[in-house]
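Here is the structure we will look at.
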Number of protein chains: 2
Amino acid sequence: MDYSGILNNVAKHISLSKGEIEFFTSLLAARQVAKGELIVEEAQRCTYINYVNTGAFRAYAFDRHGSENTIMFAIEDWWITDIHGFVKGKPAMMNVEAIEESSIRQLHIDGLERLYDKVPKFERFFRILMQNSYIREQLRIKDNLTTQAEERYRLFINKYPQFINRVPLKQVASYLGVTPQFLSVIRNRLAKGS
Amino acid sequence: MDYSGILNNVAKHISLSKGEIEFFTSLLAARQVAKGELIVEEAQRCTYINYVNTGAFRAYAFDRHGSENTIMFAIEDWWITDIHGFVKGKPAMMNVEAIEESSIRQLHIDGLERLYDKVPKFERFFRILMQNSYIREQLRIKDNLTTQAEERYRLFINKYPQFINRVPLKQVASYLGVTPQFLSVIRNRLAKGS
DNA sequence: CGCGACGTTGATTTGCCTCAACGATTGTGG
DNA sequence: CCACAATCGTTGAGGCAAATCAACGTCGCG
């Protein structure tokens, strides 16, 4: 099995010995995920943190009308899980679905704890991972509070150009917190305005 | 100077030897902050992460109309900083203001890096801190996407009862992403409805 | 005391939603 | 390989949630 993707990802922040690499990869499960398949299910225990090797995912939750709201996207070289459920052992509050045929590497919470124990520098690695996730979310909250839909869309395509033509517009809309219809209006306005 | 607050906070997740405690506290600066004073200023470098010993703070950013939007609150035993500016050495995107006369313990980014170096278990401590912050923000994003103002207000007073009668309603409103006028309408509705 | 910030209320406006309908893809079973 | 359904992106009409603008009483504080 090919672990070069995840090992390079880890190597961005910490360096591992041969033995550590072996121990780390022994804790990983490789999994192929079909388009549309869920790797995290709302109300279920979520015991894995997932590294996206190839493909793309989205995390979403339902509102009281039953429409899906996109909480995050993740493509190659990103990590994704229901962080609350994973860390606290609580039921997941969201679904994570493959939006393409994908390949992932899964690390179980028990494996992660053994990893922290045996190779403490992974504390550093996940510290940085959590830190970057926190930064991302704090920025998103600020943007959601301070700007309106059209501006948020501009920020989005600027920040995540690699998502364009890969995730459907209705999912972008639900990520931005608007309806697909209104996103359509926005796109129309922008196309004319520039 | 009294470091019992911050040491107890650290002790929730890691235990330190006498020498480590000494080294850690030697990196801290104690500071008294007057109500209304800023400890992080937008567009300035933000070089400290702040532990709130006593008092209360809020982080806020301006929108294009010049109104303040509250990104987070922090009271005793919380940590607060502009996490992006602090970690990446970039200008802060927000202000952090004391909303009460407060006492804080400040850890400089350089000190933190020396701390990681000399006492690696602090990687674990801040991993958990960042992790909890990420959880908090991911949940807030989900709530902001999936619920409307009245529900968000109910969730807020439920989750943070200790803030009530301590932070002014206009700041709660800007945290929830509504105007003070509309929050007033909501409160009125809730008072009649129950 | 008097000023300024706060919380509230009401009238009007607006950003965005809902509902409905349509062509263009995409996918799927026959 | 076609027929059909399903999904997607779009447009338009009408409606609602929340913003804006304005005004007023209250209260803490200098």
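Chain labels run A, B, ... following the order of the structure tokens; each chain numbers its residues from 1, and ligands are numbered from 1 in the order shown.
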List every residue of chain A that has an atom at most 12 Å from any atom of chain C, and for each one report the closest atom pair and its distance in Å to one decimal, counting only C-alpha atoms (C1' of nucleotides), with rows sorted by chain and then by increasing residue number, as a tab-separated table.
```
residue	atom	partner	partner_atom	distance
A:His65	CA	C:DT18	C1'	11.9
A:Gln148	CA	C:DG15	C1'	8.8
A:Ala149	CA	C:DG15	C1'	9.0
A:Glu150	CA	C:DG15	C1'	10.6
A:Gly177	CA	C:DC16	C1'	10.2
A:Val178	CA	C:DC16	C1'	7.6
A:Thr179	CA	C:DC17	C1'	7.5
A:Pro180	CA	C:DC17	C1'	10.4
A:Gln181	CA	C:DC17	C1'	9.0
A:Phe182	CA	C:DC16	C1'	7.1
A:Leu183	CA	C:DC16	C1'	10.0
A:Val185	CA	C:DC16	C1'	10.5
A:Ile186	CA	C:DC16	C1'	11.0
```
If you keep N, CA and C atoms, can you produce a file of those selected residues as a tab-separated table (two decimals), in the first residue's frame?
```tsv
chain	number	residue	atom	x	y	z
A	65	HIS	N	-35.19	22.23	8.17
A	65	HIS	CA	-36.01	22.01	6.98
A	65	HIS	C	-35.52	20.81	6.18
A	148	GLN	N	-21.19	40.09	3.36
A	148	GLN	CA	-22.38	39.42	2.88
A	148	GLN	C	-22.08	38.52	1.69
A	149	ALA	N	-23.16	37.87	1.24
A	149	ALA	CA	-23.00	36.71	0.37
A	149	ALA	C	-22.07	36.93	-0.84
A	150	GLU	N	-22.28	38.02	-1.55
A	150	GLU	CA	-21.49	38.24	-2.76
A	150	GLU	C	-20.00	38.29	-2.46
A	177	GLY	N	-23.65	29.58	2.94
A	177	GLY	CA	-24.85	29.90	3.72
A	177	GLY	C	-25.93	30.58	2.91
A	178	VAL	N	-26.00	30.30	1.61
A	178	VAL	CA	-27.09	30.84	0.79
A	178	VAL	C	-27.72	29.70	-0.02
A	179	THR	N	-28.84	29.98	-0.65
A	179	THR	CA	-29.49	28.98	-1.50
A	179	THR	C	-28.79	28.95	-2.86
A	180	PRO	N	-28.90	27.83	-3.57
A	180	PRO	CA	-28.33	27.75	-4.91
A	180	PRO	C	-28.92	28.84	-5.83
A	181	GLN	N	-30.19	29.12	-5.67
A	181	GLN	CA	-30.82	30.15	-6.48
A	181	GLN	C	-30.15	31.51	-6.27
A	182	PHE	N	-29.89	31.81	-5.02
A	182	PHE	CA	-29.30	33.13	-4.77
A	182	PHE	C	-27.84	33.17	-5.21
A	183	LEU	N	-27.14	32.05	-5.08
A	183	LEU	CA	-25.76	32.03	-5.58
A	183	LEU	C	-25.76	32.27	-7.09
A	185	VAL	N	-27.84	34.09	-8.74
A	185	VAL	CA	-28.00	35.54	-8.92
A	185	VAL	C	-26.67	36.26	-8.73
A	186	ILE	N	-25.96	35.88	-7.69
A	186	ILE	CA	-24.66	36.49	-7.40
A	186	ILE	C	-23.69	36.30	-8.57
```
| task | Run DSSP on the backbone of this structure and report the residues of chain B it assigns to strand (DSSP E or B), as a PyMOL selection string. | result | chain B and resi 28-33+38-40+45+48-54+56-62+68-75+79-80+91+95-98+102-108
Suppose we keep N, CA and C atoms; can you now write the selection as a compact mmCIF listing (two decimals), in the first residue's frame?
```
# COMPACT_ATOMS: atom_id res chain seq x y z
N LEU B 28 6.48 33.86 31.43
CA LEU B 28 5.20 34.57 31.47
C LEU B 28 5.37 36.00 31.93
N ALA B 29 4.53 36.87 31.37
CA ALA B 29 4.44 38.23 31.87
C ALA B 29 3.06 38.43 32.46
N ALA B 30 3.00 38.97 33.67
CA ALA B 30 1.70 39.27 34.28
C ALA B 30 1.33 40.70 33.93
N ARG B 31 0.06 40.90 33.63
CA ARG B 31 -0.33 42.24 33.21
C ARG B 31 -1.73 42.56 33.69
N GLN B 32 -1.90 43.77 34.17
CA GLN B 32 -3.19 44.27 34.59
C GLN B 32 -3.76 45.07 33.42
N VAL B 33 -5.01 44.84 33.07
CA VAL B 33 -5.59 45.52 31.90
C VAL B 33 -6.85 46.27 32.33
N LEU B 38 -7.02 47.66 24.86
CA LEU B 38 -6.81 46.62 23.86
C LEU B 38 -5.54 45.85 24.15
N ILE B 39 -5.61 44.52 24.07
CA ILE B 39 -4.38 43.73 24.21
C ILE B 39 -3.92 43.17 22.86
N VAL B 40 -4.80 43.23 21.87
CA VAL B 40 -4.43 42.91 20.48
C VAL B 40 -5.04 44.00 19.62
N ARG B 45 1.31 43.57 14.77
CA ARG B 45 1.80 42.23 15.11
C ARG B 45 1.19 41.81 16.45
N TYR B 48 1.65 37.80 21.52
CA TYR B 48 1.34 37.11 22.76
C TYR B 48 0.09 36.24 22.65
N ILE B 49 0.16 35.11 23.34
CA ILE B 49 -1.08 34.39 23.63
C ILE B 49 -1.40 34.68 25.08
N ASN B 50 -2.68 34.93 25.38
CA ASN B 50 -3.06 35.48 26.68
C ASN B 50 -3.95 34.53 27.47
N TYR B 51 -3.54 34.27 28.68
CA TYR B 51 -4.39 33.51 29.60
C TYR B 51 -5.12 34.52 30.48
N VAL B 52 -6.44 34.39 30.56
CA VAL B 52 -7.23 35.32 31.36
C VAL B 52 -7.27 34.81 32.80
N ASN B 53 -6.63 35.55 33.68
CA ASN B 53 -6.58 35.18 35.10
C ASN B 53 -7.88 35.60 35.78
N THR B 54 -8.20 36.87 35.64
CA THR B 54 -9.51 37.38 36.10
C THR B 54 -9.98 38.41 35.10
N ALA B 56 -12.63 39.77 31.83
CA ALA B 56 -13.29 39.30 30.62
C ALA B 56 -12.85 40.11 29.40
N PHE B 57 -12.81 39.43 28.27
CA PHE B 57 -12.38 40.06 27.01
C PHE B 57 -13.33 39.71 25.88
N ARG B 58 -13.23 40.53 24.85
CA ARG B 58 -13.90 40.14 23.60
C ARG B 58 -13.00 40.46 22.43
N ALA B 59 -13.06 39.59 21.42
CA ALA B 59 -12.34 39.83 20.16
C ALA B 59 -13.36 40.28 19.13
N TYR B 60 -13.04 41.32 18.39
CA TYR B 60 -14.01 41.80 17.40
C TYR B 60 -13.29 42.35 16.18
N ALA B 61 -14.03 42.39 15.07
CA ALA B 61 -13.52 42.96 13.82
C ALA B 61 -14.59 43.85 13.24
N PHE B 62 -14.17 44.80 12.44
CA PHE B 62 -15.13 45.71 11.83
C PHE B 62 -15.61 45.18 10.48
N GLU B 68 -18.93 46.75 14.76
CA GLU B 68 -18.08 45.74 15.38
C GLU B 68 -18.77 44.39 15.39
N ASN B 69 -18.04 43.36 15.00
CA ASN B 69 -18.57 42.00 15.05
C ASN B 69 -17.75 41.17 16.00
N THR B 70 -18.41 40.59 16.97
CA THR B 70 -17.70 39.86 18.02
C THR B 70 -17.34 38.45 17.55
N ILE B 71 -16.06 38.16 17.53
CA ILE B 71 -15.57 36.86 17.08
C ILE B 71 -15.53 35.86 18.23
N MET B 72 -15.11 36.32 19.39
CA MET B 72 -15.18 35.44 20.57
C MET B 72 -15.16 36.23 21.86
N PHE B 73 -15.60 35.59 22.93
CA PHE B 73 -15.45 36.11 24.27
C PHE B 73 -14.45 35.24 25.02
N ALA B 74 -13.87 35.78 26.08
CA ALA B 74 -13.01 34.97 26.95
C ALA B 74 -13.08 35.51 28.36
N ILE B 75 -13.40 34.63 29.31
CA ILE B 75 -13.41 35.04 30.71
C ILE B 75 -12.34 34.25 31.46
N TRP B 79 -8.13 31.10 27.23
CA TRP B 79 -7.01 31.68 26.50
C TRP B 79 -7.55 32.46 25.32
N ILE B 80 -6.90 33.56 24.97
CA ILE B 80 -7.36 34.32 23.81
C ILE B 80 -6.20 35.01 23.11
N PRO B 91 -0.05 40.44 10.54
CA PRO B 91 -0.82 41.46 11.25
C PRO B 91 -2.16 40.90 11.74
N ASN B 95 -9.37 43.08 16.94
CA ASN B 95 -9.00 43.70 18.20
C ASN B 95 -9.45 42.80 19.34
N VAL B 96 -8.65 42.80 20.41
CA VAL B 96 -9.08 42.11 21.63
C VAL B 96 -9.09 43.13 22.75
N GLU B 97 -10.26 43.32 23.31
CA GLU B 97 -10.49 44.40 24.27
C GLU B 97 -10.97 43.85 25.60
N ALA B 98 -10.48 44.43 26.69
CA ALA B 98 -10.98 44.06 28.02
C ALA B 98 -12.36 44.66 28.20
N SER B 102 -9.18 43.63 34.15
CA SER B 102 -8.76 42.23 34.06
C SER B 102 -7.30 42.04 34.44
N SER B 103 -6.98 40.79 34.71
CA SER B 103 -5.59 40.43 34.96
C SER B 103 -5.26 39.23 34.07
N ILE B 104 -4.16 39.32 33.34
CA ILE B 104 -3.81 38.26 32.39
C ILE B 104 -2.37 37.80 32.58
N ARG B 105 -2.07 36.63 31.99
CA ARG B 105 -0.69 36.13 31.92
C ARG B 105 -0.36 35.96 30.46
N GLN B 106 0.70 36.61 30.03
CA GLN B 106 1.04 36.60 28.61
C GLN B 106 2.24 35.72 28.32
N LEU B 107 2.11 34.95 27.25
CA LEU B 107 3.22 34.11 26.79
C LEU B 107 3.60 34.56 25.39
N HIS B 108 4.84 34.97 25.24
CA HIS B 108 5.33 35.48 23.96
C HIS B 108 5.59 34.31 23.00
```
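Residue list for chain D within 10 Å of chain A: D:DC8, D:DG9, D:DT10, D:DT11, counting only C-alpha atoms (C1' of nucleotides).
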What would the file look like if the residues just selected were written as a JSON list (two decimals), in the first residue's frame with C-alpha atoms (C1' of nucleotides)?
```json
[["chain", "number", "residue", "atom", "x", "y", "z"],
["D", 8, "DC", "C1'", -28.14, 20.59, -11.74],
["D", 9, "DG", "C1'", -27.93, 25.48, -12.72],
["D", 10, "DT", "C1'", -30.75, 29.14, -13.85],
["D", 11, "DT", "C1'", -34.60, 32.66, -14.04]]
```
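Within 7 Å of chain A, counting only C-alpha atoms, chain B contributes Phe62, Asp63, Asn69, Ile71, Ile83, His84, Glu123, Arg124, Phe126, Arg127, Met130, Gln131, Ser133, Tyr134, Ile135, Glu137, Gln138, Ile141, Lys142, Leu145, Thr146, Thr147 and Gly177 of chain B.
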Go ahead and write the residues just picked, N, CA and C atoms, as a compact mmCIF listing (two decimals), in the first residue's frame.
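Done, and the output landed in out.txt:
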```txt
# COMPACT_ATOMS: atom_id res chain seq x y z
N PHE B 62 -14.17 44.80 12.44
CA PHE B 62 -15.13 45.71 11.83
C PHE B 62 -15.61 45.18 10.48
N ASP B 63 -16.86 45.46 10.15
CA ASP B 63 -17.31 45.18 8.79
C ASP B 63 -17.18 46.48 7.99
N ASN B 69 -18.04 43.36 15.00
CA ASN B 69 -18.57 42.00 15.05
C ASN B 69 -17.75 41.17 16.00
N ILE B 71 -16.06 38.16 17.53
CA ILE B 71 -15.57 36.86 17.08
C ILE B 71 -15.53 35.86 18.23
N ILE B 83 -5.26 34.12 16.68
CA ILE B 83 -4.46 32.92 16.49
C ILE B 83 -3.68 32.94 15.18
N HIS B 84 -4.27 33.48 14.14
CA HIS B 84 -3.57 33.54 12.86
C HIS B 84 -2.34 34.44 12.93
N GLU B 123 3.77 20.69 23.85
CA GLU B 123 3.15 20.39 22.55
C GLU B 123 1.80 19.74 22.79
N ARG B 124 1.79 18.81 23.73
CA ARG B 124 0.54 18.14 24.06
C ARG B 124 -0.49 19.12 24.61
N PHE B 126 -0.79 22.37 24.22
CA PHE B 126 -1.36 23.27 23.22
C PHE B 126 -2.07 22.51 22.10
N ARG B 127 -1.68 21.26 21.89
CA ARG B 127 -2.46 20.44 20.96
C ARG B 127 -3.89 20.35 21.45
N MET B 130 -5.66 23.81 21.15
CA MET B 130 -6.01 24.11 19.76
C MET B 130 -7.16 23.23 19.30
N GLN B 131 -7.12 21.99 19.73
CA GLN B 131 -8.15 21.03 19.39
C GLN B 131 -9.51 21.48 19.92
N SER B 133 -10.35 24.49 20.70
CA SER B 133 -10.74 25.71 20.00
C SER B 133 -11.33 25.36 18.65
N TYR B 134 -10.72 24.41 17.99
CA TYR B 134 -11.23 23.98 16.68
C TYR B 134 -12.63 23.40 16.82
N ILE B 135 -12.82 22.56 17.82
CA ILE B 135 -14.13 21.97 18.08
C ILE B 135 -15.17 23.07 18.29
N GLU B 137 -15.15 26.17 17.33
CA GLU B 137 -15.44 26.96 16.13
C GLU B 137 -16.19 26.15 15.09
N GLN B 138 -15.86 24.87 14.97
CA GLN B 138 -16.57 24.06 13.98
C GLN B 138 -18.05 23.94 14.37
N ILE B 141 -19.79 27.24 13.56
CA ILE B 141 -20.06 27.34 12.13
C ILE B 141 -21.28 26.52 11.77
N LYS B 142 -21.34 25.32 12.28
CA LYS B 142 -22.50 24.48 12.02
C LYS B 142 -23.77 25.16 12.52
N LEU B 145 -24.77 28.05 10.35
CA LEU B 145 -25.31 27.65 9.05
C LEU B 145 -26.72 27.09 9.17
N THR B 146 -26.94 26.31 10.23
CA THR B 146 -28.18 25.52 10.26
C THR B 146 -29.32 26.14 11.05
N THR B 147 -29.07 27.18 11.83
CA THR B 147 -30.16 27.72 12.64
C THR B 147 -30.31 29.22 12.41
N GLY B 177 -24.45 37.59 15.16
CA GLY B 177 -24.59 38.05 13.78
C GLY B 177 -25.90 38.75 13.51
```
Would you superpose chain B on chain A, least squares on all C-alpha atoms in order, and hand back the fitted chain as a short mmCIF file (atom, residue, chain, number, x, y, z; two decimals) with C-alpha atoms, in the first residue's frame?
```
data_model
loop_
_atom_site.label_atom_id
_atom_site.label_comp_id
_atom_site.auth_asym_id
_atom_site.auth_seq_id
_atom_site.Cartn_x
_atom_site.Cartn_y
_atom_site.Cartn_z
CA MET B 1 0.00 0.00 0.03
CA ASP B 2 1.15 3.51 -0.81
CA TYR B 3 1.75 5.76 2.17
CA SER B 4 3.90 8.34 0.42
CA GLY B 5 1.14 10.98 0.46
CA ILE B 6 0.47 10.87 4.17
CA LEU B 7 4.17 10.48 5.02
CA ASN B 8 5.03 13.58 3.03
CA ASN B 9 2.22 15.38 4.78
CA VAL B 10 3.62 14.40 8.17
CA ALA B 11 7.13 15.27 7.06
CA LYS B 12 6.08 18.89 6.55
CA HIS B 13 6.18 19.31 10.31
CA ILE B 14 8.13 16.48 11.95
CA SER B 15 10.75 13.98 10.80
CA LEU B 16 10.51 10.30 11.57
CA SER B 17 12.98 7.48 11.82
CA LYS B 18 12.54 4.25 9.84
CA GLY B 19 11.11 2.53 12.89
CA GLU B 20 8.70 5.33 13.64
CA ILE B 21 7.47 5.33 10.07
CA GLU B 22 6.86 1.64 10.33
CA PHE B 23 4.96 1.99 13.58
CA PHE B 24 2.91 4.89 12.24
CA THR B 25 1.91 3.14 9.01
CA SER B 26 1.05 -0.01 10.95
CA LEU B 27 -1.70 2.04 12.62
CA LEU B 28 -3.20 3.20 9.33
CA ALA B 29 -5.95 1.60 7.33
CA ALA B 30 -6.12 2.28 3.60
CA ARG B 31 -9.59 2.53 2.18
CA GLN B 32 -11.15 3.11 -1.20
CA VAL B 33 -14.36 5.16 -1.06
CA ALA B 34 -16.97 5.28 -3.81
CA LYS B 35 -18.51 8.57 -4.85
CA GLY B 36 -21.50 9.22 -2.63
CA GLU B 37 -20.32 6.93 0.16
CA LEU B 38 -20.26 8.22 3.76
CA ILE B 39 -17.16 7.85 5.92
CA VAL B 40 -18.73 9.63 8.91
CA GLU B 41 -22.41 9.30 9.73
CA GLU B 42 -24.45 11.66 11.86
CA ALA B 43 -25.39 10.24 15.27
CA GLN B 44 -22.87 7.38 14.89
CA ARG B 45 -19.55 7.12 16.73
CA CYS B 46 -16.79 8.59 14.63
CA THR B 47 -13.61 6.74 15.50
CA TYR B 48 -11.33 7.69 12.60
CA ILE B 49 -9.47 10.74 11.49
CA ASN B 50 -9.09 10.59 7.72
CA TYR B 51 -6.27 11.69 5.47
CA VAL B 52 -7.43 12.24 1.90
CA ASN B 53 -4.95 10.55 -0.42
CA THR B 54 -6.88 11.20 -3.63
CA GLY B 55 -10.39 12.44 -4.29
CA ALA B 56 -12.64 14.89 -2.47
CA PHE B 57 -15.06 15.00 0.46
CA ARG B 58 -17.56 17.28 2.04
CA ALA B 59 -18.88 17.45 5.59
CA TYR B 60 -22.48 18.56 5.97
CA ALA B 61 -25.31 18.77 8.48
CA PHE B 62 -29.03 19.14 8.06
CA ASP B 63 -31.04 22.13 9.20
CA ARG B 64 -34.59 21.82 10.46
CA HIS B 65 -36.01 22.05 6.93
CA GLY B 66 -33.93 19.09 5.91
CA SER B 67 -31.52 20.95 3.65
CA GLU B 68 -27.83 20.15 3.72
CA ASN B 69 -25.33 22.71 4.96
CA THR B 70 -21.72 22.22 4.03
CA ILE B 71 -19.38 22.60 6.99
CA MET B 72 -16.15 21.89 5.14
CA PHE B 73 -14.57 20.46 2.04
CA ALA B 74 -11.43 18.33 1.88
CA ILE B 75 -9.40 17.30 -1.14
CA GLU B 76 -6.05 15.50 -1.61
CA ASP B 77 -3.62 16.10 1.23
CA TRP B 78 -6.25 17.39 3.66
CA TRP B 79 -7.46 15.76 6.85
CA ILE B 80 -11.14 15.48 7.71
CA THR B 81 -13.29 14.11 10.52
CA ASP B 82 -16.06 15.17 12.87
CA ILE B 83 -13.51 16.56 15.27
CA HIS B 84 -15.85 16.79 18.24
CA GLY B 85 -17.14 13.25 17.93
CA PHE B 86 -13.66 11.91 17.24
CA VAL B 87 -11.95 13.54 20.21
CA LYS B 88 -14.71 13.32 22.80
CA GLY B 89 -16.14 9.96 21.78
CA LYS B 90 -19.55 11.51 21.16
CA PRO B 91 -21.99 10.85 18.31
CA ALA B 92 -21.10 12.73 15.13
CA MET B 93 -23.04 15.89 14.40
CA MET B 94 -22.46 15.65 10.67
CA ASN B 95 -21.99 13.44 7.65
CA VAL B 96 -18.81 13.20 5.63
CA GLU B 97 -19.40 12.10 2.08
CA ALA B 98 -17.10 11.38 -0.85
CA ILE B 99 -17.96 13.71 -3.70
CA GLU B 100 -15.57 11.82 -5.95
CA GLU B 101 -14.20 8.30 -6.04
CA SER B 102 -11.53 8.64 -3.36
CA SER B 103 -8.72 6.93 -1.55
CA ILE B 104 -8.06 7.67 2.12
CA ARG B 105 -5.82 6.64 5.02
CA GLN B 106 -7.61 6.20 8.30
CA LEU B 107 -6.16 6.56 11.77
CA HIS B 108 -8.24 5.17 14.62
CA ILE B 109 -8.56 7.15 17.85
CA ASP B 110 -7.04 4.25 19.81
CA GLY B 111 -4.15 4.07 17.39
CA LEU B 112 -3.67 7.79 17.68
CA GLU B 113 -3.45 7.56 21.44
CA ARG B 114 -0.86 4.81 21.22
CA LEU B 115 0.96 6.97 18.71
CA TYR B 116 1.06 9.94 21.10
CA ASP B 117 2.38 7.59 23.71
CA LYS B 118 5.11 5.93 21.72
CA VAL B 119 6.10 8.78 19.39
CA PRO B 120 5.44 12.03 21.27
CA LYS B 121 6.48 14.21 18.37
CA PHE B 122 3.09 13.41 16.87
CA GLU B 123 1.73 15.68 19.57
CA ARG B 124 3.55 18.39 17.71
CA PHE B 125 2.23 17.29 14.36
CA PHE B 126 -1.37 17.26 15.46
CA ARG B 127 -0.87 20.45 17.45
CA ILE B 128 0.00 22.15 14.19
CA LEU B 129 -2.84 20.44 12.36
CA MET B 130 -5.38 21.51 14.99
CA GLN B 131 -3.89 24.97 15.08
CA ASN B 132 -4.28 25.42 11.34
CA SER B 133 -7.82 24.13 11.51
CA TYR B 134 -8.60 26.59 14.25
CA ILE B 135 -7.11 29.43 12.22
CA ARG B 136 -9.16 28.44 9.21
CA GLU B 137 -12.40 28.31 11.17
CA GLN B 138 -11.79 31.52 13.09
CA LEU B 139 -11.21 33.32 9.82
CA ARG B 140 -14.32 31.83 8.32
CA ILE B 141 -16.37 32.98 11.29
CA LYS B 142 -14.98 36.45 10.93
CA ASP B 143 -15.79 36.50 7.22
CA ASN B 144 -19.28 35.17 7.78
CA LEU B 145 -19.93 37.84 10.38
CA THR B 146 -18.45 40.78 8.55
CA THR B 147 -19.30 40.25 4.88
CA GLN B 148 -22.35 39.43 2.86
CA ALA B 149 -22.97 36.71 0.36
CA GLU B 150 -21.43 38.23 -2.77
CA GLU B 151 -18.21 39.10 -0.98
CA ARG B 152 -18.06 35.67 0.66
CA TYR B 153 -18.34 34.05 -2.74
CA ARG B 154 -15.50 36.18 -4.07
CA LEU B 155 -13.35 35.28 -1.07
CA PHE B 156 -14.18 31.63 -1.57
CA ILE B 157 -13.16 31.35 -5.21
CA ASN B 158 -10.07 33.32 -4.39
CA LYS B 159 -9.05 31.14 -1.48
CA TYR B 160 -10.05 27.78 -2.91
CA PRO B 161 -9.62 28.00 -6.70
CA GLN B 162 -8.81 24.30 -6.74
CA PHE B 163 -12.43 23.55 -5.78
CA ILE B 164 -13.96 25.28 -8.79
CA ASN B 165 -15.48 22.88 -11.32
CA ARG B 166 -14.94 20.11 -8.85
CA VAL B 167 -17.60 20.71 -6.24
CA PRO B 168 -21.13 21.43 -7.50
CA LEU B 169 -22.41 24.98 -7.07
CA LYS B 170 -25.22 23.92 -4.80
CA GLN B 171 -22.63 22.69 -2.32
CA VAL B 172 -20.66 25.90 -2.61
CA ALA B 173 -23.91 27.75 -1.91
CA SER B 174 -24.58 25.72 1.21
CA TYR B 175 -20.98 26.32 2.34
CA LEU B 176 -21.49 30.05 1.96
CA GLY B 177 -24.82 29.90 3.74
CA VAL B 178 -27.05 30.85 0.81
CA THR B 179 -29.46 29.00 -1.48
CA PRO B 180 -28.32 27.74 -4.89
CA GLN B 181 -30.80 30.15 -6.47
CA PHE B 182 -29.25 33.12 -4.78
CA LEU B 183 -25.73 32.01 -5.59
CA SER B 184 -26.86 31.92 -9.18
CA VAL B 185 -27.99 35.53 -8.92
CA ILE B 186 -24.63 36.47 -7.40
CA ARG B 187 -22.67 34.75 -10.16
CA ASN B 188 -24.79 36.52 -12.72
CA ARG B 189 -24.10 39.88 -11.10
CA LEU B 190 -20.37 39.19 -10.97
CA ALA B 191 -20.26 38.03 -14.59
CA LYS B 192 -21.90 41.24 -15.75
CA GLY B 193 -19.92 43.45 -13.39
CA SER B 194 -16.53 42.34 -14.68
#
```
| field | Backbone-only DSSP, helix (DSSP H, G or I) members of range 31-156 of chain A, as a count of residues only | value | 50
